[in-house]
Amino acid sequence: MRNVWSASAPANEFLLPREVFKLGLKQGPLLVYLYLICCKSLKRGADKMNCSIISKAVGLCKKTVHTHLRTLCNARLIQIEHHGQTFSYTLCPIQSKVCERSNSTPRNNWMFIKRPWLTGEVFGAVFPVPNEVFQLGLKPSELLVYIYLHYQKGVRSGQCWPSYATIGAAVGMSRKTVQTHIGSLIDKGLIRAEETMIRRKNGRRCNGSLCYTVTPIRQVLRDREKEFLEQLKLVEAQRKWAPAQQRT
């Protein structure tokens, strides 16, 4: 069985330490930062990046991407070297920049083990996230919530149960906005959600956080491809049927 805790990820995954969600970044800069981590991890285009590539991947306009890159540079999270229309970049160490905004502990902390990351720093754990998350055509805010659920899910179970407030604190959104995006991800078949029950100290049972099951991304892509092929067949059948109807 493949060791999911190796310092390097497979070609279709990139690794995240939980600390990237504790840098105090707003939604836009955080999403751009995660994409840069993905590209650096895969060593794909990291030396010839431009705002158009990032814009297409994260669903933000080029001008906005440029602003977010400047924010990341000013925060000393990345260093950029320009080469005409393109640029290369390096990721800076982040441990000294982490702000502990939450005392909550990730549900999968039992799997923590010291591992090095892309910056050479050693973190309590790094977690794989599929590179294909940037190929689903999600809105920027939806994409950020989806990446966070991938980051939180158990490696074997594919499940996690962070509250709306926990997700919102990590990705810079209100509880209501997170709830809206969770509903959208469910409608798109990317995740499933089930209610859980907890027992209070007085013995009473009440609703707990939703338990999310993240659909394997390969399955999502296969289902989308199957749906696309079925639509093509339907269009082709309608094209052939139309002339026959006209002759009659």
# chains A, B, ... in the order shown; residues from 1 in each chain; ligands from 1
$ select_by_dssp --residues "segment 115-162 of chain A" --states "alpha helix (DSSP H)" --output "JSON, numbers by chain"
{"A": [140, 141, 142, 143, 144, 145, 146, 147, 148, 149, 150, 151, 152]}
$ residues_around --residues "Thr215 of chain A" --least-positions-apart "3" --cutoff "8 Å" --atoms "only C-alpha atoms" --output "number ranges by chain"
A: 158, 189-192, 219-220
$ write_last_selection --atoms "N, CA and C atoms" --output "mmCIF file, in the first residue's frame"
data_model
loop_
_atom_site.group_PDB
_atom_site.id
_atom_site.type_symbol
_atom_site.label_atom_id
_atom_site.label_comp_id
_atom_site.auth_asym_id
_atom_site.auth_seq_id
_atom_site.Cartn_x
_atom_site.Cartn_y
_atom_site.Cartn_z
ATOM 1 N N GLY A 158 -12.472 9.170 3.955
ATOM 2 C CA GLY A 158 -12.988 10.242 3.102
ATOM 3 C C GLY A 158 -13.991 11.114 3.823
ATOM 4 N N GLY A 189 -22.895 16.899 -6.459
ATOM 5 C CA GLY A 189 -22.436 15.524 -6.277
ATOM 6 C C GLY A 189 -20.994 15.399 -5.824
ATOM 7 N N LEU A 190 -20.408 16.491 -5.334
ATOM 8 C CA LEU A 190 -19.009 16.449 -4.922
ATOM 9 C C LEU A 190 -18.841 15.962 -3.492
ATOM 10 N N ILE A 191 -19.867 16.170 -2.666
ATOM 11 C CA ILE A 191 -19.832 15.689 -1.290
ATOM 12 C C ILE A 191 -21.215 15.182 -0.907
ATOM 13 N N ARG A 192 -21.278 14.384 0.158
ATOM 14 C CA ARG A 192 -22.536 14.005 0.800
ATOM 15 C C ARG A 192 -22.479 14.471 2.249
ATOM 16 N N GLN A 219 -14.021 9.486 -9.375
ATOM 17 C CA GLN A 219 -15.408 9.112 -9.625
ATOM 18 C C GLN A 219 -16.200 10.304 -10.149
ATOM 19 N N VAL A 220 -15.962 11.484 -9.561
ATOM 20 C CA VAL A 220 -16.640 12.704 -10.013
ATOM 21 C C VAL A 220 -16.337 12.974 -11.479
#
$ closest_atom_pairs --of "segment 32-83 of chain A" --to "segment 92-100 of chain A" --cutoff "7 Å" --atoms "only C-alpha atoms" --output "tab-separated table"
residue	atom	partner	partner_atom	distance
A:Arg76	CA	A:Cys92	CA	6.6
A:Leu77	CA	A:Cys92	CA	5.0
A:Ile78	CA	A:Cys92	CA	5.2
$ residues_around --residues "Gly59 of chain A" --least-positions-apart "5" --cutoff "9 Å" --atoms "only C-alpha atoms" --output "ChimeraX atom specification"
/A:54,137-140
$ write_last_selection --atoms "N, CA, C and O atoms" --output "CSV table (one decimal), in the first residue's frame"
chain,number,residue,atom,x,y,z
A,54,ILE,N,-3.2,31.5,-13.6
A,54,ILE,CA,-3.8,31.4,-12.3
A,54,ILE,C,-5.3,31.8,-12.4
A,54,ILE,O,-6.2,31.2,-11.7
A,137,GLY,N,-14.4,23.6,-12.4
A,137,GLY,CA,-15.2,24.8,-12.8
A,137,GLY,C,-16.0,25.4,-11.6
A,137,GLY,O,-17.1,26.0,-11.9
A,138,LEU,N,-15.5,25.2,-10.4
A,138,LEU,CA,-16.3,25.8,-9.2
A,138,LEU,C,-16.0,27.3,-9.1
A,138,LEU,O,-15.0,27.8,-9.5
A,139,LYS,N,-17.0,27.9,-8.5
A,139,LYS,CA,-16.8,29.3,-8.1
A,139,LYS,C,-15.6,29.4,-7.1
A,139,LYS,O,-15.4,28.5,-6.3
A,140,PRO,N,-14.9,30.6,-7.1
A,140,PRO,CA,-13.8,30.7,-6.1
A,140,PRO,C,-14.1,30.3,-4.7
A,140,PRO,O,-13.4,29.5,-4.1
$ closest_residue --among "A:Leu229, A:Ala125, A:Val58, A:Cys211" --to "Lys153 of chain A" --atoms "only C-alpha atoms"
A:Cys211
$ residues_around --residues "Thr213 of chain A" --least-positions-apart "6" --cutoff "12 Å" --atoms "only C-alpha atoms" --output "count of residues only"
24
$ select_by_dssp --residues "segment 18-108 of chain A" --states "strand (DSSP E)" --output "ChimeraX atom specification"
/A:78-83,86-91
$ atom_distance --atom1 "atom CA of Ile167 of chain A" --atom2 "atom CA of Val129 of chain A"
16.3 Å
$ residues_around --residues "Gly124 of chain A" --least-positions-apart "6" --cutoff "8 Å" --atoms "only C-alpha atoms" --output "number ranges by chain"
A: 17, 112-115
$ residues_around --residues "segment 31-47 of chain A" --least-positions-apart "3" --cutoff "6 Å" --atoms "only C-alpha atoms" --output "PyMOL selection string"
chain A and resi 14+28+88
$ residues_around --residues "Ala170 of chain A" --least-positions-apart "2" --cutoff "12 Å" --atoms "only C-alpha atoms" --output "JSON, numbers by chain"
{"A": [18, 19, 20, 21, 22, 23, 24, 25, 26, 27, 30, 31, 99, 100, 101, 102, 104, 106, 144, 145, 147, 148, 149, 151, 152, 162, 163, 164, 165, 166, 167, 168, 172, 173, 174, 175, 178]}
$ write_last_selection --atoms "C-alpha atoms" --output "PDB file, in the first residue's frame"
ATOM      1  CA  ARG A  18      -2.873  22.637   8.363  1.00  0.00           C
ATOM      2  CA  GLU A  19      -0.882  25.806   9.051  1.00  0.00           C
ATOM      3  CA  VAL A  20      -1.712  27.286   5.621  1.00  0.00           C
ATOM      4  CA  PHE A  21      -5.247  27.873   6.942  1.00  0.00           C
ATOM      5  CA  LYS A  22      -3.906  29.786   9.950  1.00  0.00           C
ATOM      6  CA  LEU A  23      -2.070  32.546   8.086  1.00  0.00           C
ATOM      7  CA  GLY A  24      -4.907  35.046   8.404  1.00  0.00           C
ATOM      8  CA  LEU A  25      -5.333  35.322   4.632  1.00  0.00           C
ATOM      9  CA  LYS A  26      -8.580  36.485   3.066  1.00  0.00           C
ATOM     10  CA  GLN A  27     -10.385  34.283   0.554  1.00  0.00           C
ATOM     11  CA  LEU A  30      -5.594  32.171   0.177  1.00  0.00           C
ATOM     12  CA  LEU A  31      -7.016  30.559  -2.965  1.00  0.00           C
ATOM     13  CA  CYS A  99      -1.626  33.024  13.829  1.00  0.00           C
ATOM     14  CA  GLU A 100      -3.442  30.664  16.181  1.00  0.00           C
ATOM     15  CA  ARG A 101      -7.017  31.847  15.675  1.00  0.00           C
ATOM     16  CA  SER A 102      -8.600  28.629  16.906  1.00  0.00           C
ATOM     17  CA  SER A 104      -9.803  23.424  17.874  1.00  0.00           C
ATOM     18  CA  PRO A 106      -8.354  18.568  13.617  1.00  0.00           C
ATOM     19  CA  LEU A 144     -11.980  27.116  -1.260  1.00  0.00           C
ATOM     20  CA  VAL A 145     -14.556  25.288   0.889  1.00  0.00           C
ATOM     21  CA  ILE A 147     -10.326  22.205  -0.833  1.00  0.00           C
ATOM     22  CA  TYR A 148     -10.711  22.632   2.922  1.00  0.00           C
ATOM     23  CA  LEU A 149     -12.975  19.570   3.138  1.00  0.00           C
ATOM     24  CA  TYR A 151      -7.750  18.746   3.527  1.00  0.00           C
ATOM     25  CA  GLN A 152      -9.826  17.787   6.587  1.00  0.00           C
ATOM     26  CA  PRO A 162     -16.032  20.354  10.833  1.00  0.00           C
ATOM     27  CA  SER A 163     -18.732  22.834  11.802  1.00  0.00           C
ATOM     28  CA  TYR A 164     -19.754  25.735   9.556  1.00  0.00           C
ATOM     29  CA  ALA A 165     -17.983  28.042  11.995  1.00  0.00           C
ATOM     30  CA  THR A 166     -14.745  26.018  11.837  1.00  0.00           C
ATOM     31  CA  ILE A 167     -14.764  26.038   8.032  1.00  0.00           C
ATOM     32  CA  GLY A 168     -15.597  29.733   7.949  1.00  0.00           C
ATOM     33  CA  GLY A 172     -12.466  33.600   5.796  1.00  0.00           C
ATOM     34  CA  MET A 173     -16.240  33.254   5.288  1.00  0.00           C
ATOM     35  CA  SER A 174     -19.333  33.713   7.374  1.00  0.00           C
ATOM     36  CA  ARG A 175     -21.218  30.708   8.684  1.00  0.00           C
ATOM     37  CA  VAL A 178     -20.240  28.370   4.146  1.00  0.00           C
TER      38      VAL A 178
END
$ atom_distance --atom1 "atom CA of Lys176 of chain A" --atom2 "atom CA of Pro29 of chain A"
21.0 Å
$ closest_residue --among "A:Asn74, A:Gln179, A:Gln85, A:Gln79" --to "Ile53 of chain A" --atoms "only C-alpha atoms"
A:Gln85
$ atom_distance --atom1 "atom CA of Thr64 of chain A" --atom2 "atom CA of Cys51 of chain A"
9.0 Å
